[in-house]
Amino acid sequence: MQFSEQWLRNWVNPSLSSEELSYLLTMAGLEVEETTAAAPAFTGVVIGEVKECVKHENADRLRVTKVDVGTGELVQIVCGAPNVAVGVRVPCALPGAVLPGDFKIKPTKMRGVESGGMLCSGKELGVPEDVDGLMLLPADAPVGQNIRDYLGLDDQLFTLKITPNRADCLSIKGIAREVAALTGAALQPQAISAVAPQIDDVVPVAIAAPQACGRYIGRVIRNVNAAAPTPDWMKRRLERSGLRSISAIVDVTNYVLLEQGQPMHAFDLAKLNGGITVRMAKAGEQLLCLNEKTVTLAEDNLVIADDAKVLAIAGIMGGEESGVTTASTDIMLESAFFAPAAIAGKARAWGFGSDSSFRFERGVDFELQRDAMERATELVLSICGGEAGPLNEQVAELPVRKGVKVRTARVARLLGITLSAEQIATILTRLGLAFDTLEDGFLVHAPSFRYDIEIEEDLIEEVARVHGYDAIPYEAPAARLRMLALPEERRPREDIRHFLAGRDYQEVVSYAFVEEAWERDFAGNADPVRLINPIASQMSMMRSSLIGGLVNVLQGNLNRKQPRVRVFEVARVFGKNAAGKADETTQPEKVAGLAWGPRVAEQWGAKAERIDFYDVKADVEALLLPAQASFAKATHPAFHPGRCAEISLNGKVIGVMGELHPKWAQQYGLPTPPVLFELDLAAVEQRNAIKAQPVSKLQPVRRDLALVVDEQVTVAAMLNTFRQHASALVKEVALFDVYRGKGVEEGKKSLAFRVVLQDDARTLTDEDVEPAIQKLLDAVAASHAAQLRL
């Protein structure tokens with residue numbers, strides 16, 4: 001919403017500067033996006049009248065003029081404008097004047113003839129003007145008056161960012177009401193009086209869609225001069241509000257729109273067939289709009305039609321065929337109220353909009369139509385002449401406003417300040433809100449132009465705005481903060497991050513929005529959680545695994561020639577629940593890592609060896625300590641079939657690790673496959689409470705067991721059996737060698753385990769050790785057919 005400050009001050013003129021007024025409006029919720037000057041700075045330009053005009057003796061295109069500038073003496077000025085002539089009144093820059101661009105006017109000679117000034121065009125003054133040549137002023141422009149004063153060029157243009165709930169401020173009238181309420185300045189609205197009918201002509205009007213059109217007023221005006229020029233004052237106000245002048249009658253409807261906030265339309269009466277009907281469109285009907293675009297109407301479009309055709313799209317745009325032209329002599333003015341729900345979004349469906357639709361879809365005052373019609377009629381008659389007929393008003397279903405209660409105690413509670421009932425009543429009165437006084441507050445009856453007042457909080461916001469947000473003291477919240485105790489059974493998350501950083505991993509943060517291909521390739525997820533409105537086509541899914549993001553980070557590092565990459569991420573993943581409902585997602589947290597490149601950074605003390613599965617396995621085992629994780633062969637869509645393991649803790653699978661599948665390494669442009677792991681963060685955070693144990697001062701006993709088993713028997717299964725059958729003396733069982741070859745038959749392997757036994761109170765003898773060792777041998781023999789290697 002753009003408007004002229006001078007126009008606003010004709011309605012309400014507070015003792016505030018332009019900057020102070022801008023700040024006041026912004027703080028009241030009517031954000032001022034920018035203020036611009038109506039014209040650039042210049043000085044020394046007055047109104048002059050050309051008294052003489054003769055051809056220059058030495059130049060065909062120049063004229064020598066004598067100009068009256070109000071000083072009592074004529075000033076000789078040489079001018080080359082094609083429209084200079086005797087009797088015209090134009091801006092005249094006298095010697096000493098400074099024009100835009102710091103152009104200074106001095107007495108000079110032009111082709112040997114003295115010139116004591118300059119006759120100016122609109123372009124030279126920085127004022128929009130369609131005339132080719134000098135800016136021609138009205139014949140009654142006062143000679144000698146400063147042109148800035150005459151044209152009101154010391155004006156500021158305000159551009160407001162009006163929120164959708166404040167449609168009442170989309171007019172000079174509405175903004176003036178706000179300024180008067182905020183400042184207490186007197187409101188001086190435009191006086192509107194009823195125009196007495198001079199003829200009896202009316203156009204019949206019927207409302208066939210009462211829920212969409214609550215009021216429709218039509219008025220016939222005959223014998224108008226539609227070609228009459230629009231007054232300069234009206235042109236200036238329209239232009240400074242961002243609208244161009246079209247023709248007198250159209251300019252009047254636009255002027256009433258800006259002044260009163262009521263969209264209006266004018267029909268050429270000669271182009272109407274029969275009466276007017278406000279109805280819903282028939283499917284397939286078409287209309288050539290004033291913007292020269294033909295639209296096909298649907299059954300939910302509200303239209304204005306006569307007995308033969310559609311004339312206009314209600315509340316949006318009129319039709320070209322029934323529009324007023326400069327040749328029109330009889331017109332019908334329309335002023336109506338259309339329900340916001342009937343207009344909202346319709347114009348955008350056709351790819352265009354209008355000032356009318358912008359207002360109607362937000363809500364127009366449903367009591368404004370009669371005043372707007374009278375104001376428009378008055379302007380048409382004064383500019384274009386003619387005889388007006390009576391108002392033909394049809395009323396259907398208008399909005400019903402209910403009282404809204406506001407409690408004084410509630411105001412204090414939400415605003416944090418105490419306002420008396422008298423103060424609140426004063427604010428409501430300044431806002432033009434009628435109310436009944438209650439014991440604990442007020443019952444407010446919102447006026448027809450305030451669609452936004454529906455609940456108590458709306459009124460409290462109004463009280464805060466008018467009281468002034470700046471007047472509400474700022475008090476920093478005071479609260480005692482203390483660290484919450486972390487259970488001993490839970491590992492701090494920062495410890496996990498620090499541990500991984502200590503093992504040479506760097507933390508990364510990636511988007512939770514991923515490509516659909518990542519979900520399919522790295523998670524085997526054919527039904528991921530889809531975003532309704534993704535920020536980009538390649539970010540349309542919610543990730544169910546962190547693997548894709550880590551691979552993407554690796555790609556970025558390889559593109560930048562990084563020789564070694566070790567990264568990890570702690571983040572949330574997303575999946576549908578067991579029933580597959582997208583609106584009921586699971587959101588577990590995971591910790592994942594990736595390692596690629598040499599085992600250690602390039603150095604002289606170690607050979608460059610590529611990292612492998614067991615290096616990352618060691619990192620995972622260290623991360624889970626003191627818990628003992630088990631690893632079992634597994635398959636996973638992201639990993640190499642023979643180099644993938646699921647990770648279990650206390651019999652529950654908590655994650656997976658492995659080497660990236662070769663086909664994904666090739667597809668994503670990786671020179672060699674990285675090794676990755678992904679674990680449930682909740683499992684990693686769990687730990688047993690610390691228990692104090694004495695350190696034995698006695699010598700431990702070690703026994704080495706070389707056991708021959710079938711190839712398919714896993715070390716994890718053997719260790720699990722040992723743990724289940726170990727006596728209290730067994731402190732450790734660990735694998736230290738695997739052998740295949742001479743002395744071990746085909747299809748079998750030899751696993752060598754170190755068994756450490758110790759007692760805290762005494763030195764162990766063979767009688768203590770042997771039964772414990774035999775118990776272990778018997779257990780693995782029964783479970784895995786393990787035999788001692790001889």
# chains A, B, ... in the order shown; residues from 1 in each chain; ligands from 1
$ residues_around --residues "Leu705 in chain A" --least-positions-apart "5" --cutoff "8 Å" --atoms "only C-alpha atoms" --output "compact mmCIF listing (two decimals) with all heavy atoms, in the first residue's frame"
# COMPACT_ATOMS: atom_id res chain seq x y z
N LEU A 751 41.69 -72.25 16.10
CA LEU A 751 41.56 -70.98 16.80
C LEU A 751 42.27 -71.08 18.14
O LEU A 751 41.98 -71.97 18.93
CB LEU A 751 40.08 -70.66 17.02
CG LEU A 751 39.20 -70.60 15.78
CD1 LEU A 751 37.75 -70.37 16.17
CD2 LEU A 751 39.66 -69.52 14.82
N ALA A 752 43.22 -70.17 18.37
CA ALA A 752 43.99 -70.19 19.61
C ALA A 752 43.46 -69.09 20.54
O ALA A 752 43.43 -67.91 20.18
CB ALA A 752 45.47 -69.98 19.34
N PHE A 753 43.02 -69.49 21.75
CA PHE A 753 42.46 -68.56 22.72
C PHE A 753 43.36 -68.46 23.94
O PHE A 753 43.92 -69.46 24.39
CB PHE A 753 41.07 -69.03 23.18
CG PHE A 753 40.03 -68.99 22.08
CD1 PHE A 753 39.80 -70.12 21.31
CD2 PHE A 753 39.32 -67.83 21.82
CE1 PHE A 753 38.86 -70.10 20.30
CE2 PHE A 753 38.36 -67.82 20.81
CZ PHE A 753 38.13 -68.95 20.04
N ARG A 754 43.46 -67.26 24.46
CA ARG A 754 44.16 -67.02 25.70
C ARG A 754 43.14 -66.96 26.82
O ARG A 754 42.19 -66.17 26.77
CB ARG A 754 44.93 -65.70 25.63
CG ARG A 754 45.65 -65.32 26.92
CD ARG A 754 46.41 -64.02 26.80
NE ARG A 754 45.52 -62.86 26.68
CZ ARG A 754 45.35 -62.17 25.57
NH1 ARG A 754 46.01 -62.51 24.47
NH2 ARG A 754 44.52 -61.12 25.55
N VAL A 755 43.35 -67.81 27.86
CA VAL A 755 42.45 -67.83 28.99
C VAL A 755 43.25 -67.40 30.22
O VAL A 755 44.27 -68.03 30.54
CB VAL A 755 41.83 -69.23 29.22
CG1 VAL A 755 40.87 -69.19 30.39
CG2 VAL A 755 41.13 -69.72 27.96
N LEU A 788 40.68 -80.14 20.90
CA LEU A 788 42.02 -79.61 21.13
C LEU A 788 42.95 -80.03 20.01
O LEU A 788 42.94 -81.18 19.56
CB LEU A 788 42.57 -80.11 22.46
CG LEU A 788 42.16 -79.33 23.72
CD1 LEU A 788 42.65 -80.07 24.96
CD2 LEU A 788 42.73 -77.93 23.68
$ residues_around --residues "range 146-153 of chain A" --least-positions-apart "5" --cutoff "7 Å" --atoms "only C-alpha atoms" --output "CSV table (one decimal) with all heavy atoms, in the first residue's frame"
chain,number,residue,atom,x,y,z
A,38,ALA,N,8.6,12.6,-3.3
A,38,ALA,CA,7.8,12.7,-4.5
A,38,ALA,C,8.5,13.2,-5.7
A,38,ALA,O,8.2,12.9,-6.8
A,38,ALA,CB,6.5,13.5,-4.2
A,39,ALA,N,9.6,14.0,-5.4
A,39,ALA,CA,10.4,14.6,-6.4
A,39,ALA,C,11.8,14.8,-5.9
A,39,ALA,O,11.9,15.1,-4.7
A,39,ALA,CB,9.8,15.9,-7.0
A,45,VAL,N,12.8,27.3,-8.9
A,45,VAL,CA,11.9,27.1,-10.1
A,45,VAL,C,10.5,27.7,-9.7
A,45,VAL,O,9.9,27.3,-8.7
A,45,VAL,CB,11.7,25.6,-10.4
A,45,VAL,CG1,10.8,25.4,-11.7
A,45,VAL,CG2,13.1,25.0,-10.7
A,46,VAL,N,10.0,28.6,-10.6
A,46,VAL,CA,8.7,29.2,-10.3
A,46,VAL,C,7.8,29.0,-11.5
A,46,VAL,O,8.2,28.5,-12.6
A,46,VAL,CB,8.8,30.7,-10.0
A,46,VAL,CG1,9.7,31.0,-8.8
A,46,VAL,CG2,9.5,31.5,-11.2
A,47,ILE,N,6.5,29.4,-11.4
A,47,ILE,CA,5.6,29.3,-12.5
A,47,ILE,C,5.7,30.6,-13.4
A,47,ILE,O,5.7,31.7,-12.9
A,47,ILE,CB,4.2,29.2,-12.0
A,47,ILE,CG1,4.0,27.9,-11.2
A,47,ILE,CG2,3.2,29.2,-13.2
A,47,ILE,CD1,2.7,27.7,-10.5
A,91,PRO,N,6.9,25.6,-15.8
A,91,PRO,CA,8.0,25.8,-14.8
A,91,PRO,C,9.1,26.6,-15.4
A,91,PRO,O,9.6,26.3,-16.5
A,91,PRO,CB,8.4,24.4,-14.4
A,91,PRO,CG,7.3,23.5,-14.8
A,91,PRO,CD,6.8,24.2,-16.1
$ closest_residue --among "A:Ile175, A:Thr326, A:Ile331, A:Glu461" --to "Ile246 in chain A" --atoms "only C-alpha atoms"
A:Thr326
$ residues_around --residues "Lys123 in chain A" --least-positions-apart "3" --cutoff "10 Å" --atoms "only C-alpha atoms" --output "PyMOL selection string"
chain A and resi 100+120+126-135
$ closest_residue --among "A:Arg703, A:Asp470, A:Gln587, A:Leu546" --to "Gly655 in chain A" --atoms "only C-alpha atoms"
A:Leu546
$ residues_around --residues "range 115-118 of chain A" --least-positions-apart "3" --cutoff "7 Å" --atoms "only C-alpha atoms" --output "JSON, numbers by chain"
{"A": [75, 76, 77, 78, 92, 93, 94, 95, 105, 106, 107, 108, 109, 110]}
$ select_by_dssp --residues "range 558-701 of chain A" --states "helix (DSSP H, G or I)" --output "PyMOL selection string"
chain A and resi 558-559+613-624+662-667+681-685
$ select_by_dssp --residues "range 393-492 of chain A" --states "strand (DSSP E)" --output "PyMOL selection string"
chain A and resi 393-395+404-407+434-437+441-445
$ write_last_selection --atoms "N, CA, C and O atoms" --output "JSON list (two decimals), in the first residue's frame"
[["chain", "number", "residue", "atom", "x", "y", "z"],
["A", 393, "GLU", "N", -30.30, -0.51, -4.51],
["A", 393, "GLU", "CA", -29.54, -1.31, -3.54],
["A", 393, "GLU", "C", -30.26, -2.61, -3.25],
["A", 393, "GLU", "O", -31.45, -2.62, -2.94],
["A", 394, "GLN", "N", -29.52, -3.72, -3.37],
["A", 394, "GLN", "CA", -30.03, -5.04, -3.02],
["A", 394, "GLN", "C", -29.14, -5.62, -1.92],
["A", 394, "GLN", "O", -27.91, -5.60, -2.03],
["A", 395, "VAL", "N", -29.79, -6.11, -0.85],
["A", 395, "VAL", "CA", -29.06, -6.65, 0.29],
["A", 395, "VAL", "C", -29.41, -8.12, 0.47],
["A", 395, "VAL", "O", -30.60, -8.48, 0.43],
["A", 404, "VAL", "N", -17.14, -9.41, 21.59],
["A", 404, "VAL", "CA", -15.92, -10.07, 22.08],
["A", 404, "VAL", "C", -15.61, -9.50, 23.46],
["A", 404, "VAL", "O", -15.49, -8.29, 23.63],
["A", 405, "LYS", "N", -15.46, -10.39, 24.42],
["A", 405, "LYS", "CA", -15.20, -9.96, 25.79],
["A", 405, "LYS", "C", -13.69, -9.85, 26.03],
["A", 405, "LYS", "O", -12.92, -10.70, 25.61],
["A", 406, "VAL", "N", -13.30, -8.78, 26.71],
["A", 406, "VAL", "CA", -11.91, -8.62, 27.12],
["A", 406, "VAL", "C", -11.90, -8.30, 28.61],
["A", 406, "VAL", "O", -12.63, -7.42, 29.08],
["A", 407, "ARG", "N", -11.07, -9.05, 29.35],
["A", 407, "ARG", "CA", -11.00, -8.88, 30.80],
["A", 407, "ARG", "C", -9.79, -8.03, 31.18],
["A", 407, "ARG", "O", -8.70, -8.23, 30.65],
["A", 434, "ALA", "N", -17.01, 0.18, 19.78],
["A", 434, "ALA", "CA", -18.09, 0.34, 20.76],
["A", 434, "ALA", "C", -18.03, -0.78, 21.78],
["A", 434, "ALA", "O", -17.65, -1.92, 21.45],
["A", 435, "PHE", "N", -18.44, -0.50, 23.03],
["A", 435, "PHE", "CA", -18.32, -1.53, 24.07],
["A", 435, "PHE", "C", -19.36, -1.31, 25.16],
["A", 435, "PHE", "O", -19.87, -0.19, 25.35],
["A", 436, "ASP", "N", -19.64, -2.40, 25.85],
["A", 436, "ASP", "CA", -20.44, -2.36, 27.07],
["A", 436, "ASP", "C", -19.52, -2.66, 28.24],
["A", 436, "ASP", "O", -18.70, -3.59, 28.18],
["A", 437, "THR", "N", -19.64, -1.90, 29.32],
["A", 437, "THR", "CA", -18.79, -2.10, 30.49],
["A", 437, "THR", "C", -19.34, -3.25, 31.33],
["A", 437, "THR", "O", -20.52, -3.29, 31.65],
["A", 441, "GLY", "N", -14.49, -6.33, 32.98],
["A", 441, "GLY", "CA", -13.89, -5.90, 31.72],
["A", 441, "GLY", "C", -14.89, -5.22, 30.81],
["A", 441, "GLY", "O", -15.70, -4.41, 31.25],
["A", 442, "PHE", "N", -14.85, -5.62, 29.52],
["A", 442, "PHE", "CA", -15.69, -4.97, 28.52],
["A", 442, "PHE", "C", -16.20, -6.01, 27.52],
["A", 442, "PHE", "O", -15.51, -6.99, 27.21],
["A", 443, "LEU", "N", -17.37, -5.76, 26.99],
["A", 443, "LEU", "CA", -17.90, -6.54, 25.87],
["A", 443, "LEU", "C", -17.84, -5.62, 24.66],
["A", 443, "LEU", "O", -18.58, -4.65, 24.56],
["A", 444, "VAL", "N", -16.93, -5.93, 23.75],
["A", 444, "VAL", "CA", -16.62, -5.04, 22.63],
["A", 444, "VAL", "C", -17.39, -5.48, 21.39],
["A", 444, "VAL", "O", -17.43, -6.67, 21.06],
["A", 445, "HIS", "N", -17.96, -4.51, 20.70],
["A", 445, "HIS", "CA", -18.66, -4.76, 19.45],
["A", 445, "HIS", "C", -17.81, -4.19, 18.32],
["A", 445, "HIS", "O", -17.77, -2.98, 18.12]]
$ residues_around --residues "Leu302 in chain A" --least-positions-apart "4" --cutoff "12 Å" --atoms "only C-alpha atoms" --output "PyMOL selection string"
chain A and resi 207-213+277-283+285+297-298+310-317+338-344+346-347
$ write_last_selection --atoms "N, CA and C atoms" --output "short mmCIF file (atom, residue, chain, number, x, y, z; two decimals), in the first residue's frame"
data_model
loop_
_atom_site.label_atom_id
_atom_site.label_comp_id
_atom_site.auth_asym_id
_atom_site.auth_seq_id
_atom_site.Cartn_x
_atom_site.Cartn_y
_atom_site.Cartn_z
N ILE A 207 -29.62 -10.61 -6.88
CA ILE A 207 -28.50 -11.36 -6.28
C ILE A 207 -28.91 -12.82 -6.22
N ALA A 208 -28.28 -13.65 -7.09
CA ALA A 208 -28.59 -15.07 -7.14
C ALA A 208 -27.63 -15.90 -6.29
N ALA A 209 -26.61 -15.26 -5.73
CA ALA A 209 -25.64 -15.95 -4.87
C ALA A 209 -25.53 -15.17 -3.57
N PRO A 210 -26.54 -15.28 -2.69
CA PRO A 210 -26.60 -14.42 -1.50
C PRO A 210 -25.46 -14.63 -0.52
N GLN A 211 -24.88 -15.83 -0.46
CA GLN A 211 -23.77 -16.07 0.47
C GLN A 211 -22.49 -15.43 -0.01
N ALA A 212 -22.35 -15.26 -1.31
CA ALA A 212 -21.13 -14.69 -1.88
C ALA A 212 -21.23 -13.18 -2.04
N CYS A 213 -22.44 -12.68 -2.31
CA CYS A 213 -22.63 -11.24 -2.49
C CYS A 213 -23.65 -10.76 -1.47
N THR A 277 -27.42 -9.44 -12.87
CA THR A 277 -27.56 -10.56 -11.96
C THR A 277 -26.18 -10.93 -11.41
N VAL A 278 -26.10 -11.03 -10.08
CA VAL A 278 -24.87 -11.50 -9.44
C VAL A 278 -25.06 -12.99 -9.20
N ARG A 279 -24.29 -13.82 -9.90
CA ARG A 279 -24.50 -15.27 -9.85
C ARG A 279 -23.17 -15.99 -9.95
N MET A 280 -23.24 -17.30 -9.75
CA MET A 280 -22.07 -18.15 -9.99
C MET A 280 -21.99 -18.44 -11.47
N ALA A 281 -20.76 -18.54 -11.96
CA ALA A 281 -20.56 -18.77 -13.39
C ALA A 281 -21.00 -20.17 -13.79
N LYS A 282 -21.30 -20.30 -15.06
CA LYS A 282 -21.57 -21.61 -15.63
C LYS A 282 -20.26 -22.15 -16.19
N ALA A 283 -20.05 -23.44 -15.99
CA ALA A 283 -18.79 -24.04 -16.43
C ALA A 283 -18.59 -23.80 -17.93
N GLU A 285 -18.03 -20.82 -19.40
CA GLU A 285 -18.23 -19.44 -19.82
C GLU A 285 -16.87 -18.74 -19.89
N LEU A 297 -14.20 -19.58 -17.17
CA LEU A 297 -14.74 -19.55 -15.81
C LEU A 297 -15.18 -20.93 -15.36
N ALA A 298 -15.15 -21.13 -14.05
CA ALA A 298 -15.61 -22.38 -13.43
C ALA A 298 -16.85 -22.08 -12.60
N VAL A 310 -21.72 -12.62 -19.51
CA VAL A 310 -20.95 -12.24 -18.33
C VAL A 310 -20.29 -10.88 -18.59
N LEU A 311 -20.44 -9.97 -17.64
CA LEU A 311 -19.87 -8.63 -17.77
C LEU A 311 -18.55 -8.47 -17.03
N ALA A 312 -18.42 -9.16 -15.88
CA ALA A 312 -17.23 -8.98 -15.04
C ALA A 312 -17.09 -10.16 -14.11
N ILE A 313 -15.86 -10.38 -13.65
CA ILE A 313 -15.61 -11.34 -12.58
C ILE A 313 -15.74 -10.57 -11.28
N ALA A 314 -16.71 -10.93 -10.48
CA ALA A 314 -17.04 -10.15 -9.28
C ALA A 314 -15.82 -9.99 -8.38
N GLY A 315 -15.55 -8.75 -8.02
CA GLY A 315 -14.48 -8.47 -7.07
C GLY A 315 -13.09 -8.60 -7.62
N ILE A 316 -12.96 -8.92 -8.91
CA ILE A 316 -11.63 -9.14 -9.46
C ILE A 316 -11.35 -8.21 -10.63
N MET A 317 -12.13 -8.33 -11.71
CA MET A 317 -11.86 -7.51 -12.89
C MET A 317 -13.07 -7.46 -13.79
N PHE A 338 -18.54 -8.30 -1.52
CA PHE A 338 -18.38 -9.71 -1.84
C PHE A 338 -17.66 -10.39 -0.69
N ALA A 339 -18.13 -11.56 -0.30
CA ALA A 339 -17.54 -12.29 0.82
C ALA A 339 -16.10 -12.70 0.48
N PRO A 340 -15.16 -12.55 1.41
CA PRO A 340 -13.76 -12.91 1.13
C PRO A 340 -13.59 -14.33 0.61
N ALA A 341 -14.37 -15.29 1.13
CA ALA A 341 -14.22 -16.68 0.70
C ALA A 341 -14.58 -16.87 -0.76
N ALA A 342 -15.44 -16.00 -1.30
CA ALA A 342 -15.84 -16.13 -2.70
C ALA A 342 -14.79 -15.57 -3.66
N ILE A 343 -13.87 -14.75 -3.15
CA ILE A 343 -12.88 -14.08 -4.01
C ILE A 343 -11.48 -14.65 -3.81
N ALA A 344 -11.17 -15.11 -2.59
CA ALA A 344 -9.80 -15.50 -2.24
C ALA A 344 -9.26 -16.57 -3.18
N LYS A 346 -8.95 -16.83 -6.32
CA LYS A 346 -9.48 -17.01 -7.67
C LYS A 346 -8.60 -16.34 -8.71
N ALA A 347 -8.19 -15.11 -8.45
CA ALA A 347 -7.37 -14.38 -9.42
C ALA A 347 -6.02 -15.08 -9.63
#
$ residues_around --residues "Ala97 in chain A" --least-positions-apart "6" --cutoff "6 Å" --atoms "only C-alpha atoms" --output "VMD selection string"
chain A and resid 43 to 44 104 to 105
$ closest_residue --among "A:His467, A:Arg215, A:Arg430, A:Arg61" --to "Met27 in chain A" --atoms "only C-alpha atoms"
A:His467
$ closest_residue --among "A:Glu321, A:Gln286, A:Glu334, A:Leu272" --to "Asp306 in chain A" --atoms "only C-alpha atoms"
A:Leu272
$ atom_distance --atom1 "CA of Asp495 in chain A" --atom2 "CA of Ala618 in chain A"
17.8 Å
$ decode --residues "range 1-15 of chain A" --atoms "C-alpha atoms" --output "compact mmCIF listing (two decimals), in the first residue's frame"
# COMPACT_ATOMS: atom_id res chain seq x y z
CA MET A 1 0.00 0.00 0.00
CA GLN A 2 1.59 3.25 -1.19
CA PHE A 3 0.19 6.65 -0.33
CA SER A 4 1.03 10.34 -0.22
CA GLU A 5 1.82 11.83 3.16
CA GLN A 6 0.23 15.13 2.13
CA TRP A 7 -3.00 13.32 1.24
CA LEU A 8 -2.98 11.58 4.62
CA ARG A 9 -2.40 14.86 6.46
CA ASN A 10 -5.55 16.28 4.85
CA TRP A 11 -7.40 13.68 6.95
CA VAL A 12 -5.30 13.73 10.11
CA ASN A 13 -2.32 15.93 10.84
CA PRO A 14 -0.42 14.94 13.99
CA SER A 15 2.51 17.05 15.15
